[in-house]
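This report refers to the structure that appears directly beneath it.
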Amino acid sequence: MFEYALSVMIFLPILAGLTLFLFPFSDSASRISGFIVSIVVLFLGIELFLGFSGSGAMEYAESKAWIESLGIRYSLGVDGISLLVLMAGAILFPMVFTIFSTRSKGFYANLLITQGAMIGAICATDMVLFYIFWEIMLLPIFFMIGIYGGPNRLPATVKITLYTISGSLLMLAGLVYIGVSYHEQFGRWTFDIVELSNLKLSGGFAVLAFFMFMIAFAIKIPLFPFHTWLPDAYTEAPSSTTFVLSAIMAKIGVYGVIRFIVPIFAIELARFAILLAFAGVIGMMYCGLAAIAQKDMKRMLAFSSASHMGIIALGVFCMNVQALTGCLFQIAAHATSTGVLFLFIGLMEERMQTRNIADFGGIAYRAPIFATFFAIAMLASVGLPGTSGFIGEFLIILGAIKFSGFIGFLAGTSLIIGVCYMLWMFQRVFFEKSGEGTEKFQDLSLSEALTFLPVILLILAMGIFPQPFIKKIEPTAQLHIAEMTMMAQKQLADTRLPIVVDTHQKN
Amino acid sequence: MNDFLSLLPLLIVSSGAILLMLLAAFEKSRLETASCVSMGFFAVAFFVQLLVGYGPATAVFHGVFNGMLVASSFTQAAGLIILACGFFTAMTTHTYFKVNSFCTLEFYAILMFGACGMLLLTLSQELITGFISLEIMSLAIYILVGYDRSNIKGAEAVLKYLMLGAFAGAFFTMGTALIYGGVKSTKFVEIGAFCAAHSATTPLLLGGTFFIFVALLFKAAAFPFHAWVIDVYDGASTPVTGFMATALKTAIFTVFANFLAQNSGLHGSWVTFLFYVSVLTMFGGNLIAIGQNNLKRMLAASGIVHSGYLLIALVAISTEHFTGSVIAYYLAAYAAGTLGMFAALAYLGGEGEKRATFDDFKGLAKVRPYSAAAVTVFLLSMAGVPPTAGFMGKFYVITSAISADQMALAVLGIVSSILSMWYYLRLIINMYFHEAAETFETKGSVFATTCTFILVFCVFAIGIYPIVI
């Protein structure tokens with residue numbers, strides 16, 4: 001029955017979105033139908049998660065010939081790398097439909113198309129197919145920010161679009177280079193990622209292609225120094241779009257690195273890992289410090305999200321099982337915690353018509369449930385033990401210390417910055433004396449509380465019993481790292497280039 | 001029999017042109033009828049062209065034409081694109097001339113004569129035939145560009161185009177003469193054989209090829225012969241501009257590819273030259289396009305950029321197993337997007353093309369969401385965003401460039417398409433993210449609107465089911 005589950009999860013939202021565009025539906029009808037579609041996707045996602053065996057190979061695979069002259073196939077599949085990202089995409093979307101009721105038809109349609117395209121990008125096991133979904137998911141974001149965003153939305157929209165499209169187009173060149181190299185080495189065309197990992201690349205073009213891919217993903221993540229679009233886009237976008245951007249789209253950037261760069265460019269990654277790891281750490285520190293200085297709550301959270309993405313990316317560049325497992329786990333943890341925080345801020349903005357931290361105060365006395373939920377999500381975001389954020393960050397720091405003591409030390413200390421701005425913000429917004437506006441601040445309604453409750457419980461569950469989740473991702477992570485080390489060694493033996501694997505000397 | 005079939009579309013279109021010429025003599029004939037008649041002829045010719053089965057390249061009526069005309073699956077595809085362009089242009093004009101009344105019946109006859117010249121040009125594998133068909137096509141286009149005699153911009157455009165085009169024609173003849181002097185033949189095959197046996201760099205051949213390249217690059221709107229494009233495209237009426245930008249370019253690139261593909265020696269010695277021409281065409285076009293405020297001028301400049309991409313495909317042409325599939329596919333994708341854009345402009349532009357600049361289309365999405373969505377699809381296709389046809393076209397071009405070890409060209413092509421995002425996005429931003437200042441009322445028939453939506457379908461269909469010949 002669930003043979004085509006992935007296809008349904010991709011195309012049901014896309015078709016629903018297109019239908020909403022083409023026919024005159026009322027806003028509330030679109031909201032309800034969007035909600036139903038996202039619930040169906042959620043149901044399929046949970047079925048998928050329960051049925052997932054965690055063998056390390058692709059499961060629920062589908063494959064059909066598409067463009068035969070170039071060996072491009074419509075092929076989908078899920079493994080330990082994509083599972084949790086996929087789950088984040090399936091679980092978080094219904095919340096947007098229940099919480100914000102004031103949006104118009106076009107907004108819900110765009111949201112549905114984004115969801116379909118994102119799931120498509122996560123499940124695609126053919127590089128061209130991945131690229132197509134990767135590009136499609138940007139378009140609805142473009143319209144959502146441009147049409148429904150804040151007062152300075154136009155520059156923000158142009159910035160995010162030009163940034164991401166430049167990255168994608170560079171990736172396209174790299175992708176074609178990989179396909180052509182495969183054709184030269186094996187005499188046939190394919191873009192299947194499992195087969196492409198047999199590829200042996202070397203020389204200047206390989207490094208160029210590596211950077212083309214890396215820049216594309218670094219922009220999406222966003223990794224320092226490609227993060228400058230993020231504060232504007234996250235601040236100007238409607239809260240639910242920011243939520244989608246931070247909770248899922250940024251994660252797909254990290255996912256792309258793990259999925260494409262680690263197996264194919266193993267040797268280049270080993271060469272430049274230290275550089276990239278520093279980019280991650282610098283991003284963590286810089287964005288963390290910038291977050292302390294923000295007056296706008298959403299902008300602060302945007303910087304905080306960028307800072308956390310730095311540590312997730314660091315998990316990939318350390319190239320060992322602990323860091324990679326931690327990274328995959330942290331992807332899901334961060335998606336739930338930061339995603340929910342953005343939704344909370346959206347709620348606060350709807351109630352107060354402001355996002356200035358200075359305008360708030362004493363909300364905890366007026367809205368205790370809201371404050372509790374917010375506190376749990378916030379503590380998960382800073383990585384308090386007992387919440388989901390702890391497990392992932394702990395594993396990543398562990399891996400980072402194994403990789404390089406200095407990097408590990410820097411990463412560990414910059415987590416403190418995160419605690420600083422979060423707790424300080426929490427103190428100013430939820431405690432202290434209540435301001436004029438916060439006197440009438442309403443607590444969560446029943447439906448809102450029920451919407452957030454599962455995710456809050458998930459955050460706690462992932463923090464207290466991480467094993468069921470880690471069990472599903474670890475085999476793939478081990479396989480991935482083992483393959484990569486093998487490939488790197490094989491390539492080293494083949495090329496006989498004087499490449500120093502001891503990457504410390506590279507810098 | 002197959003020989004006759006491969007010439008049949010050409011015959012159908014030319015008899016249609018003559019019939020329309022006669023029809024124009026009758027006082028009772030109406031413009032709408034003429035438009036429908038020419039649409040009918042184009043459609044019939046299209047289906048005939050579609051039905052002809054091609055194997056490898058075959059000389060048409062070898063006894064009569066002595067190998068001057070050669071039909072292959074590549075020329076078939078090019079012919080299909082040209083006929084489709086003719087059909088959609090006729091369809092668009094049906095609406096356009098209800099609002100802009102400078103048209104007479106001969107317009108459609110001339111349109112069809114132009115298409116005849118283009119079809120003949122795709123088939124010609126010989127320089128003199130090439131010259132004759134080039135001139136048939138160009139003469140028709142000159143008239144079409146200057147059709148609105150009361151429009152001062154049109155008069156300027158036709159003068160510029162005619163003067164410069166005459167030079168291009170003269171260069172072509174000069175090149176033919178020089179090549180004939182060197183090779184003692186004007187057939188592509190024999191020039192190729194000569195270059196393989198001797199050298200492609202004798203003074204006569206070098207000079208001759210250079211002049212022919214000048215003429216072809218001029219017609220293809222490539223750097224450094226691109227300066228005329230902006231004014232001419234702007235001065236011509238919108239449907240004519242669409243026809244010029246698509247069908248004419250298809251014909252020119254087909255004959256260009258045929259000329260190069262027959263001749264590995266020539267291709268080898270000119271590849272560096274074409275490399276630089278292509279890079280400069282892309283970047284020159286982009287720089288011009290970024291500065292434009294008028295939509296038609298922007299589209300003209302973006303046409304130059306697309307010529308640059310097509311030149312990448314020409315640089316990467318494989319002379320051994322030439323199928324032309326990359327070029328044909330790119331041309332089809334480009335034609336669908338560009339024609340659609342011009343069809344939409346034809347009815348949205350309104351009377352006397354009063355809506356012409358980026359700012360005139362502010363807020364279009366609020367008032368006419370479907371039209372705005374269609375325009376968005378065309379722009380995204382031109383920009384090469386999946387899942388549209390433009391993306392697959394770009395994908396094939398880059399694949400062919402990297403396969404031919406032209407990594408630098410592929411990267412420069414990508415950089416150029418990053419630059420081009422700006423002016424495509426600018427229109428989308430204007431349509432969607434601003435409030436509407438007017439009501440965008442349009443008059444006339446539904447033909448242009450229908451045409452636009454058929455082309456939207458084409459853009460997706462070509463993109464999702466890329467049929468490669």
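Labels used: A, B, ... for chains in the order of the structure tokens, numbers from 1 for residues in each chain, and numbers from 1 for ligands as shown.
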
Would you give me, as CSV, each residue of chain B having an atom within 10 Å of an atom of chain A, along with its shortest atom pair and that distance in Å to one decimal, using only C-alpha atoms and sorting by chain and residue number?
```
residue,atom,partner,partner_atom,distance
B:Pro369,CA,A:Phe21,CA,9.4
B:Tyr370,CA,A:Leu22,CA,8.2
B:Ala373,CA,A:Phe21,CA,9.8
B:Leu380,CA,A:Leu139,CA,9.8
B:Gly384,CA,A:Leu169,CA,9.2
B:Val385,CA,A:Glu135,CA,6.8
B:Pro386,CA,A:Ile132,CA,5.4
B:Pro387,CA,A:Ile132,CA,6.3
B:Thr388,CA,A:Ile132,CA,9.7
B:Phe391,CA,A:Ile132,CA,9.0
B:Lys394,CA,A:Leu172,CA,9.7
B:Phe395,CA,A:Val176,CA,7.6
B:Tyr396,CA,A:Val176,CA,9.1
B:Ile398,CA,A:Val176,CA,7.1
B:Thr399,CA,A:Val176,CA,5.7
B:Ser400,CA,A:Val180,CA,8.9
B:Ala401,CA,A:Val176,CA,9.7
B:Ile402,CA,A:Tyr177,CA,6.4
B:Ser403,CA,A:Val180,CA,6.0
B:Ala404,CA,A:Val180,CA,9.6
B:Asp405,CA,A:Val180,CA,9.7
B:Met407,CA,A:Phe205,CA,8.1
B:Ala408,CA,A:Phe205,CA,9.9
B:Ala410,CA,A:Ala173,CA,6.9
B:Val411,CA,A:Ala173,CA,6.6
B:Leu412,CA,A:Ala173,CA,9.9
B:Gly413,CA,A:Ala173,CA,9.2
B:Ile414,CA,A:Leu169,CA,6.1
B:Val415,CA,A:Leu170,CA,7.8
B:Ser417,CA,A:Leu169,CA,7.9
B:Ile418,CA,A:Ser166,CA,5.4
B:Leu419,CA,A:Ser166,CA,8.6
B:Met421,CA,A:Leu162,CA,7.3
B:Trp422,CA,A:Leu162,CA,7.5
B:Leu425,CA,A:Val158,CA,8.1
B:Arg426,CA,A:Val158,CA,8.8
B:Ile428,CA,A:Phe143,CA,9.5
B:Ile429,CA,A:Gly146,CA,7.6
B:Tyr432,CA,A:Ile147,CA,6.8
B:Phe433,CA,A:Ile147,CA,5.3
B:His434,CA,A:Ile147,CA,8.4
B:Ile464,CA,A:Trp66,CA,8.9
B:Tyr465,CA,A:Ile67,CA,7.6
B:Pro466,CA,A:Ile67,CA,7.0
B:Ile467,CA,A:Ile67,CA,8.3
B:Val468,CA,A:Ser69,CA,7.7
B:Ile469,CA,A:Ser69,CA,9.9
```

Find the residues near stretch 185-195 of chain B: any atom within 10 Å, counting only C-alpha atoms, skip ones fewer than 6 places away on the same chain, and give them as a list in words. Asn66, Gly67, Met68, Leu69, Ser124, Gln125, Glu126, Leu127, Ile128, Thr129, Gly130, Thr176, Ala177, Leu178, Ile179, Thr201, Thr202, Leu205, Asn258, Phe259, Leu260, Ala261, Gln262, Asn263, Ser264, Gly265, Leu266 and His267 of chain B

In Å, how far is it from atom CA of A:Met378 to atom CA of A:Met300? 12.7 Å

Assign secondary structure with DSSP using the backbone only, and return the residues of stretch 255-467 of chain B in helix (DSSP H, G or I) as a ChimeraX atom specification. /B:255-261,264-290,295-315,325-348,351-353,359-361,364-367,369-383,389-403,407-432,447-464

Neighbour list for stretch 227-235 of chain B as a PyMOL selection string, cut-off 9 Å, only C-alpha atoms, skip fewer than 3 positions in-chain: chain B and resi 145-146+151-158+160-161+164+218+221-224+238+240-242+244-245+288+294-301+303-304

Write out as a ChimeraX atom specification each polymer residue whose atoms come within 6 Å of stretch 228-245 of chain A, counting only C-alpha atoms; drop sequence neighbours fewer than 4 positions from it. /A:145,149-150,153,156,159-160,249,298-299,302,339,342,346

Expected file contents, prior selection, C-alpha atoms, as a compact mmCIF listing (two decimals), in the first residue's frame:
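As written to disk, again-v7.txt reads:
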```
# COMPACT_ATOMS: atom_id res chain seq x y z
CA ILE A 145 8.23 36.77 1.06
CA GLY A 149 6.28 39.88 3.82
CA GLY A 150 7.06 42.88 6.00
CA ARG A 153 10.29 42.83 1.83
CA ALA A 156 15.01 40.93 1.18
CA LYS A 159 18.61 39.20 -1.96
CA ILE A 160 17.53 35.69 -1.04
CA MET A 249 15.01 24.62 3.90
CA LYS A 298 12.66 37.82 15.13
CA ARG A 299 15.96 39.16 13.90
CA ALA A 302 17.29 34.63 12.77
CA GLY A 339 10.88 26.21 14.04
CA PHE A 342 9.58 31.25 15.08
CA GLY A 346 4.67 34.95 14.94
```
